[in-house]
Amino acid sequence: MGPVWGQIWATILAHYPHRPNNLWVIDKSRVTIFNLYLRLVGARVITLSDLEQEVELSVAQSVGLQISESNVSLRNIRQISFLNIPVGEFALSTYCRHNATGDPTLDEDVCNEIQYWINRTAKLVLGVNKFFDKMPFRQAFATELFLEEYGALSFSAVNREIDVVRFAGTTRDDAFLVERVDKTTIRRHHAALAAPLTRHLQSSRYEKILKLLDDEVQSRYSNKWYRAKRNFATSETLDRSRARQLLGIQDNDTVVIVFSHILYDSLFFYGNDLFDTYSEWLRETVTAAIRNTRVKWFIKVHPSNMWRGELKSFLDGKYEEERIIESLSSALPAHVRLIAADNSWSPLTWISLADVGVTVRGTAGIEMAAQGKTVITAGMGRYEDGGFCIAPESKRAYLEQLRNLGPQSSIPDHLARNAQLYLFGLYCLRPFRLPGMVVSKAPLTKEVVASDDLFYIPKRIDCNTELTRVDALLQFLNDKRIKQLTEPCEFVDTIGTVTWV
């Protein structure tokens with residue numbers, strides 16, 4: 001992993017009053033900067049090649065993990081499993097991410113690359129299990145759980161009931177999502193709320209929450225944080241009437257926005273999807289949009305396409321979304337329009353002017369529902385059970401919803417309230433500001449694009465707020481009953497930092 005996680009975890013462990021004697025790092029190399037940070041707190045390093053050397057060659061052949069030449073399909077590859085670990089999904093997702101495509105053509109070269117990752121993952125599963133046999137670990141820190149080699153490590157740890165703590169970044173530079181994962185939650189989206197937290201929010205001080213939520217939403221779509229600047233540095237927020245006027249949309253027109261995902265990223269990670277891939281979802285959704293002329297459709301390309309780098313290196317200057325749409329129609333009809341990733345309007349503008357949002361599981365779905373808009377989802381593992389969106393249970397039912405879309409009214413107030421509470425939990429409670437760190441732009445870095453463009457410097461902890469966070473973090477790490485770590489929130493009735501068990 002990159003140096004930033006070495007900085008973060010070394011600082012956390014430095015605050016541990018009883019630092020583990022048996023502290024290990026699994027990494028690709030013994031000499032990375034990441035490892036050097038963790039060696040400051042007594043960690044020892046084992047590499048992936050060390051784990052693989054414990055295993056005989058031709059593992060995949062011996063356990064029947066070969067891709068069948070006679071029946072190659074995405075679905076068949078996804079079903080390849082080894083020791084109750086979905087190695088086929090790991091391999092396919094890794095191929096798509098490395099090659100910036102969500103729509104792979106399964107020719108011989110592609111299958112060979114996917115087969116490599118299947119073989120590699122199977123060997124690592126055996127190797128890491130041998131390592132775990134020798135070392136009865138109590139706890140593991142991780143960020144990535146699915147892609148590349150990480151799947152073999154994280155799923156093997158979870159299957160052994162090791163206490164796996166996942167860290168994920170947020171829009172804030174100084175805050176992280178911290179939670180436990182086990183067999184029942186490893187496919188839950190990292191930006192979801194555990195059921196106890198959702199229930200507890202129902203008894204909170206609603207008016208106070210709305211004000212705090214509005215402040216946080218405005219910060220999220222501003223230049224306040226380096227991470228936010230990547231997407232929204234120059235974005236403009238317009239009110240609903242002005243935006244619709246500029247687009248030539250009449251007051252009685254129903255506007256539907258399809259919020260596209262990065263088509264090749266995080267495939268198969270979360271829950272179950274109605275479609276085999278994000279690409280298939282987008283293709284079928286746009287086809288339904290073309291046929292439904294009763295409403296105005298906008299297909300919004302994900303803004304993070306702007307800074308990810310694949311547009312020039314892999315995609316030859318054209319988003320995969322555009323290629324898929326061009327394959328359906330040489331020119332989109334007048335009632336369907338494409339919103340480019342570098343569009344100058346803030347997402348808040350698009351959410352305001354629209355009446356319906358369509359997504360697999362994007363955050364925009366919660367934001368739209370919080371404004372009283374209808375939301376239709378095509379995937380599980382995040383907020384489909386939150387009580388504020390339409391979550392069809394089949395591909396057929398989903399497409400039927402799109403075909404029947406017409407004039408829409410706002411969703412009932414109690415559903416919008418559910419979405420607002422959920423969004424408050426996601427934006428204001430779950431991002432935990434890790435104590436004892438000062439964040440800045442990394443030395444010699446011109447702009448923040450990746451996580452390692454930020455720099456986390458340890459600081460002395462000497463104020464009550466920071467001490468409270470240290471206590472909360474330590475309590476969380478030492479109590480398996482606590483599923484998600486949250487910010488201290490005195491303004492919410494009876495809510496403490498670590499009450500979500």
# chains A, B, ... in the order shown; residues from 1 in each chain; ligands from 1

call {"tool": "residues_around", "arguments": {"residues": "A:Arg323", "least_positions_apart": "2", "cutoff": "12 Å", "atoms": "only C-alpha atoms", "output": "list in words"}}
result
Thr101, Gly102, Asp103, Leu263, Ser279, Leu282, Arg283, Leu315, Asp316, Gly317, Lys318, Tyr319, Glu320, Glu321, Ile325, Glu326, Ser327, Leu328, Ser329, Ser330, Ala331 and Leu338 of chain A

call {"tool": "residues_around", "arguments": {"residues": "stretch 116-119 of chain A", "least_positions_apart": "5", "cutoff": "12 Å", "atoms": "only C-alpha atoms", "output": "PyMOL selection string"}}
result
chain A and resi 52+55-67+77-82+85-96+98+109-111+124-126+147-152

call {"tool": "residues_around", "arguments": {"residues": "A:Glu284", "least_positions_apart": "2", "cutoff": "12 Å", "atoms": "only C-alpha atoms", "output": "JSON, numbers by chain"}}
result
{"A": [258, 274, 275, 276, 277, 278, 279, 280, 281, 282, 286, 287, 288, 289, 290, 291, 324, 325, 327, 328, 378, 395, 396, 398, 399, 400, 402, 403]}

call {"tool": "residues_around", "arguments": {"residues": "A:Ala157", "least_positions_apart": "4", "cutoff": "10 Å", "atoms": "only C-alpha atoms", "output": "PyMOL selection string"}}
result
chain A and resi 125+128-129+132+137-140+151-153+161-164+182-183

call {"tool": "write_last_selection", "arguments": {"atoms": "C-alpha atoms", "output": "compact mmCIF listing (two decimals), in the first residue's frame"}}
result
# COMPACT_ATOMS: atom_id res chain seq x y z
CA VAL A 125 -5.18 -18.15 -0.23
CA VAL A 128 -1.84 -16.88 3.82
CA ASN A 129 -3.74 -19.71 5.51
CA PHE A 132 -2.33 -17.76 9.83
CA PHE A 137 -3.68 -13.18 14.78
CA ARG A 138 -6.32 -11.31 16.77
CA GLN A 139 -6.87 -8.31 14.52
CA ALA A 140 -6.08 -7.01 11.03
CA GLY A 151 -9.13 -10.40 -1.73
CA ALA A 152 -7.11 -13.48 -0.85
CA LEU A 153 -5.86 -11.83 2.35
CA GLU A 161 -12.96 -15.00 12.17
CA ILE A 162 -9.98 -12.72 12.61
CA ASP A 163 -11.19 -9.25 13.65
CA VAL A 164 -10.82 -7.27 10.39
CA ASP A 182 -17.19 -10.19 8.96
CA LYS A 183 -18.80 -12.88 6.83

call {"tool": "select_by_dssp", "arguments": {"residues": "stretch 98-321 of chain A", "states": "strand (DSSP E)", "output": "list of chain:residue names"}}
result
A:Gln139, A:Ala140, A:Phe141, A:Ala142, A:Asp163, A:Val164, A:Val165, A:Arg166, A:Phe167, A:Ala168, A:Gly169, A:Ala175, A:Phe176, A:Leu177, A:Val178, A:Glu179, A:Arg180, A:Val181, A:Val255, A:Val256, A:Ile257, A:Val258, A:Phe259, A:Lys296, A:Trp297, A:Phe298, A:Ile299, A:Lys300

call {"tool": "write_last_selection", "arguments": {"atoms": "C-alpha atoms", "output": "mmCIF file, in the first residue's frame"}}
result
data_model
loop_
_atom_site.group_PDB
_atom_site.id
_atom_site.type_symbol
_atom_site.label_atom_id
_atom_site.label_comp_id
_atom_site.auth_asym_id
_atom_site.auth_seq_id
_atom_site.Cartn_x
_atom_site.Cartn_y
_atom_site.Cartn_z
ATOM 1 C CA GLN A 139 -6.872 -8.312 14.520
ATOM 2 C CA ALA A 140 -6.082 -7.010 11.032
ATOM 3 C CA PHE A 141 -6.153 -3.525 9.475
ATOM 4 C CA ALA A 142 -7.119 -3.222 5.814
ATOM 5 C CA ASP A 163 -11.192 -9.252 13.652
ATOM 6 C CA VAL A 164 -10.815 -7.268 10.388
ATOM 7 C CA VAL A 165 -11.029 -3.467 10.694
ATOM 8 C CA ARG A 166 -11.527 -1.635 7.411
ATOM 9 C CA PHE A 167 -10.488 1.982 6.837
ATOM 10 C CA ALA A 168 -11.799 3.970 3.863
ATOM 11 C CA GLY A 169 -11.239 7.545 2.775
ATOM 12 C CA ALA A 175 -11.604 11.814 8.369
ATOM 13 C CA PHE A 176 -12.079 8.144 7.578
ATOM 14 C CA LEU A 177 -14.780 5.513 7.635
ATOM 15 C CA VAL A 178 -13.756 2.866 10.162
ATOM 16 C CA GLU A 179 -15.734 -0.331 10.639
ATOM 17 C CA ARG A 180 -15.529 -4.046 11.295
ATOM 18 C CA VAL A 181 -16.206 -6.561 8.549
ATOM 19 C CA VAL A 255 -36.458 15.218 -15.519
ATOM 20 C CA VAL A 256 -34.679 11.922 -14.839
ATOM 21 C CA ILE A 257 -30.935 11.794 -14.173
ATOM 22 C CA VAL A 258 -29.014 8.542 -14.535
ATOM 23 C CA PHE A 259 -25.941 8.716 -12.303
ATOM 24 C CA LYS A 296 -36.479 14.212 -20.160
ATOM 25 C CA TRP A 297 -33.378 12.087 -19.537
ATOM 26 C CA PHE A 298 -29.837 13.120 -18.620
ATOM 27 C CA ILE A 299 -27.013 10.555 -18.455
ATOM 28 C CA LYS A 300 -24.423 11.932 -16.013
#

call {"tool": "residues_around", "arguments": {"residues": "A:Ala442", "least_positions_apart": "2", "cutoff": "8 Å", "atoms": "only C-alpha atoms", "output": "PyMOL selection string"}}
result
chain A and resi 440+444-445+452-455

call {"tool": "residues_around", "arguments": {"residues": "A:Lys211", "least_positions_apart": "3", "cutoff": "12 Å", "atoms": "only C-alpha atoms", "output": "list in words"}}
result
Arg205, Tyr206, Glu207, Lys208, Asp214, Asp215, Glu216, Val217, Gln218, Gln420, Leu421, Phe424, Cys428 and Phe491 of chain A

call {"tool": "write_last_selection", "arguments": {"atoms": "C-alpha atoms", "output": "short mmCIF file (atom, residue, chain, number, x, y, z; two decimals), in the first residue's frame"}}
result
data_model
loop_
_atom_site.label_atom_id
_atom_site.label_comp_id
_atom_site.auth_asym_id
_atom_site.auth_seq_id
_atom_site.Cartn_x
_atom_site.Cartn_y
_atom_site.Cartn_z
CA ARG A 205 -33.08 15.97 17.27
CA TYR A 206 -34.32 16.36 13.74
CA GLU A 207 -34.19 20.16 13.35
CA LYS A 208 -30.60 20.36 14.59
CA ASP A 214 -26.85 21.33 5.12
CA ASP A 215 -23.51 22.75 6.28
CA GLU A 216 -21.76 19.45 5.60
CA VAL A 217 -23.31 19.05 2.13
CA GLN A 218 -22.17 22.56 1.16
CA GLN A 420 -32.07 12.96 5.51
CA LEU A 421 -31.31 10.97 8.65
CA PHE A 424 -26.66 12.79 8.23
CA CYS A 428 -21.68 13.80 9.78
CA PHE A 491 -26.29 17.26 19.92
#
